[in-house]
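Colleague: Dropping in target_14.cif, with mmCIF, C-alpha atoms.
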```cif
data_start
#
loop_
_atom_site.label_atom_id
_atom_site.label_comp_id
_atom_site.auth_asym_id
_atom_site.auth_seq_id
_atom_site.Cartn_x
_atom_site.Cartn_y
_atom_site.Cartn_z
CA MET R 120 0.78 6.64 12.26
CA THR R 121 2.93 3.93 10.70
CA ARG R 122 4.40 4.35 7.23
CA LEU R 123 5.85 1.59 5.08
CA ARG R 124 8.63 2.69 2.76
CA LEU R 125 9.36 0.48 -0.24
CA VAL R 126 12.94 0.82 -1.43
CA ASP R 127 14.90 -0.52 -4.41
CA LEU R 128 12.06 0.16 -6.87
CA ASP R 129 12.53 1.97 -10.18
CA PRO R 130 12.02 5.59 -9.09
CA GLU R 131 10.43 6.58 -12.41
CA ALA R 132 8.02 3.64 -12.69
CA GLN R 133 4.44 3.59 -11.39
CA TYR R 134 3.44 0.87 -8.92
CA ARG R 135 0.02 -0.27 -7.78
CA VAL R 136 -0.14 -1.27 -4.10
CA ARG R 137 -3.15 -3.18 -2.79
CA PRO R 138 -4.05 -5.81 -0.24
CA VAL R 139 -3.76 -9.34 -1.62
CA PRO R 140 -7.35 -9.96 -2.79
CA GLU R 141 -7.41 -13.64 -1.87
CA LEU R 142 -6.75 -12.88 1.79
CA ARG R 143 -9.20 -11.61 4.36
CA MET R 144 -8.75 -8.02 5.46
CA PRO R 145 -7.27 -7.83 8.96
CA ARG R 146 -9.08 -6.27 11.89
CA ALA R 147 -7.96 -2.69 12.43
CA ILE R 148 -8.22 -0.98 15.80
CA GLU R 149 -8.33 2.59 14.52
CA PRO R 150 -11.66 4.22 13.67
CA THR R 151 -10.61 5.57 10.26
CA PRO R 152 -8.40 3.47 7.96
CA PRO R 153 -6.06 5.16 5.49
CA PRO R 154 -8.07 6.53 2.52
CA TRP R 155 -6.16 4.45 -0.01
CA LEU R 156 -7.23 1.28 1.79
CA ASP R 157 -10.90 2.26 1.50
CA ARG R 158 -10.36 2.72 -2.26
CA GLY R 159 -8.72 -0.71 -2.44
CA HIS R 160 -5.40 0.38 -3.94
CA LEU R 161 -3.10 3.25 -4.72
CA VAL R 162 -0.67 4.02 -7.52
CA LEU R 163 2.55 5.90 -6.80
CA THR R 164 5.99 6.21 -8.32
CA GLY R 165 8.85 4.16 -6.98
CA ALA R 166 10.42 7.42 -5.77
CA ALA R 167 7.30 8.32 -3.74
CA LEU R 168 7.08 4.82 -2.26
CA ALA R 169 10.74 5.00 -1.20
CA GLN R 170 10.72 8.56 0.13
CA ARG R 171 7.27 9.01 1.68
CA GLY R 172 5.93 5.48 1.81
CA ILE R 173 2.31 4.56 2.46
CA ARG R 174 0.28 4.89 5.63
CA LEU R 175 -0.67 1.57 7.17
CA PRO R 176 -3.66 0.89 9.41
CA LEU R 177 -3.14 0.19 13.08
CA LEU R 178 -4.00 -3.52 13.37
CA GLY R 179 -5.27 -5.59 16.23
CA PRO R 180 -3.10 -8.21 17.97
CA GLY R 181 -2.26 -11.18 15.77
CA GLN R 182 -3.40 -9.40 12.59
CA ALA R 183 -1.35 -8.90 9.41
CA LEU R 184 -1.88 -6.99 6.19
CA VAL R 185 -0.25 -8.61 3.15
CA LEU R 186 0.29 -6.21 0.26
CA GLU R 187 0.81 -6.81 -3.44
CA VAL R 188 3.07 -4.35 -5.28
CA GLU R 189 2.81 -4.47 -9.07
CA ARG R 190 4.73 -2.36 -11.56
CA GLN R 191 2.34 -0.74 -14.00
CA PRO R 192 2.98 -0.74 -17.76
CA ALA R 193 4.54 2.44 -19.05
CA ALA R 194 2.14 4.81 -20.80
CA ASP R 195 2.86 5.26 -24.49
#
```
For this file, write the structure as structure tokens.

Modeller:
Amino acid sequence: MTRLRLVDLDPEAQYRVRPVPELRMPRAIEPTPPPWLDRGHLVLTGAALAQRGIRLPLLGPGQALVLEVERQPAAD
């Protein structure tokens, strides 16, 4: 299992992580992709993204997954 840790984010802020929608999804070679990828996105704090990271799918040769990370507006 591969995890991607995203550092240098505001630890208190919420971030949405998702595949770039304009790009085709890569071919994975594992039978079950990470649950967040099936949902299309996930939202975590900057601290969680830096400490635990997100699970990435195991991709086939020559495949790449490009992710978009967007800071979410603070709740009032």

Colleague: Just the residues within 8 Å of Leu163 in chain R, please, counting only C-alpha atoms, with nothing from its chain fewer than 6 positions along; format it as a PDB file with C-alpha atoms, in the frame of the given file.

Modeller:
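Full text of part.pdb as output:
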```
ATOM      1  CA  GLN R 133       4.440   3.590 -11.390  1.00  0.00           C
ATOM      2  CA  TYR R 134       3.440   0.870  -8.920  1.00  0.00           C
ATOM      3  CA  ARG R 135       0.020  -0.270  -7.780  1.00  0.00           C
TER       4      ARG R 135
END
```

Colleague: Can you work out which one of R:Gly172, R:Glu187, R:Gly179, R:Leu156 has the shortest atom-to-atom distance to Leu142 in chain R, counting all atoms listed in the file?

Modeller: R:Glu187

Colleague: Could you tell me which residues the PyMOL selection byres ((chain R and resi 120-124) around 8) returns for this structure, as a PyMOL selection string?

Modeller: chain R and resi 125-126+168-177

Colleague: Taking the file as shown, find all residues satisfying the PyMOL selection byres ((chain R and resi 181) around 12) and write them as a PDB file with C-alpha atoms, keeping the file's coordinate frame.

Modeller:
```pdb
ATOM      1  CA  PRO R 145      -7.270  -7.830   8.960  1.00  0.00           C
ATOM      2  CA  ARG R 146      -9.080  -6.270  11.890  1.00  0.00           C
ATOM      3  CA  ALA R 147      -7.960  -2.690  12.430  1.00  0.00           C
ATOM      4  CA  ILE R 148      -8.220  -0.980  15.800  1.00  0.00           C
ATOM      5  CA  LEU R 177      -3.140   0.190  13.080  1.00  0.00           C
ATOM      6  CA  LEU R 178      -4.000  -3.520  13.370  1.00  0.00           C
ATOM      7  CA  GLY R 179      -5.270  -5.590  16.230  1.00  0.00           C
ATOM      8  CA  PRO R 180      -3.100  -8.210  17.970  1.00  0.00           C
ATOM      9  CA  GLN R 182      -3.400  -9.400  12.590  1.00  0.00           C
ATOM     10  CA  ALA R 183      -1.350  -8.900   9.410  1.00  0.00           C
ATOM     11  CA  LEU R 184      -1.880  -6.990   6.190  1.00  0.00           C
TER      12      LEU R 184
END
```

Colleague: Tell me, in Å to one decimal, how far CA of Val185 in chain R is from CA of Pro138 in chain R.

Modeller: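 Distance reported for this atom pair: 5.8 Å.
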
Colleague: Report the distance between CA of Arg137 in chain R and CA of Gly159 in chain R in Å, rounded to one decimal place.

Modeller: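 Separation between CA of Arg137 in chain R and CA of Gly159 in chain R: 6.1 Å.
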
Colleague: Could you please determine the separation between CA of Pro150 in chain R and CA of Val162 in chain R in Å, to one decimal place?

Modeller: 23.9 Å

Colleague: Which is closest to Gln191 in chain R among R:Ala132, R:Leu161, R:Val139, R:Ala166, if we use all atoms listed in the file?

Modeller: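 Of the candidates, the smallest distance to Gln191 in chain R is held by R:Ala132.
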
Colleague: Which residue is closest to Glu189 in chain R? Choose from R:Arg158, R:Pro153, R:Leu128, R:Val136 and count all atoms listed in the file.

Modeller: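 Comparing R:Arg158, R:Pro153, R:Leu128, R:Val136 against Glu189 in chain R, the winner is R:Val136.
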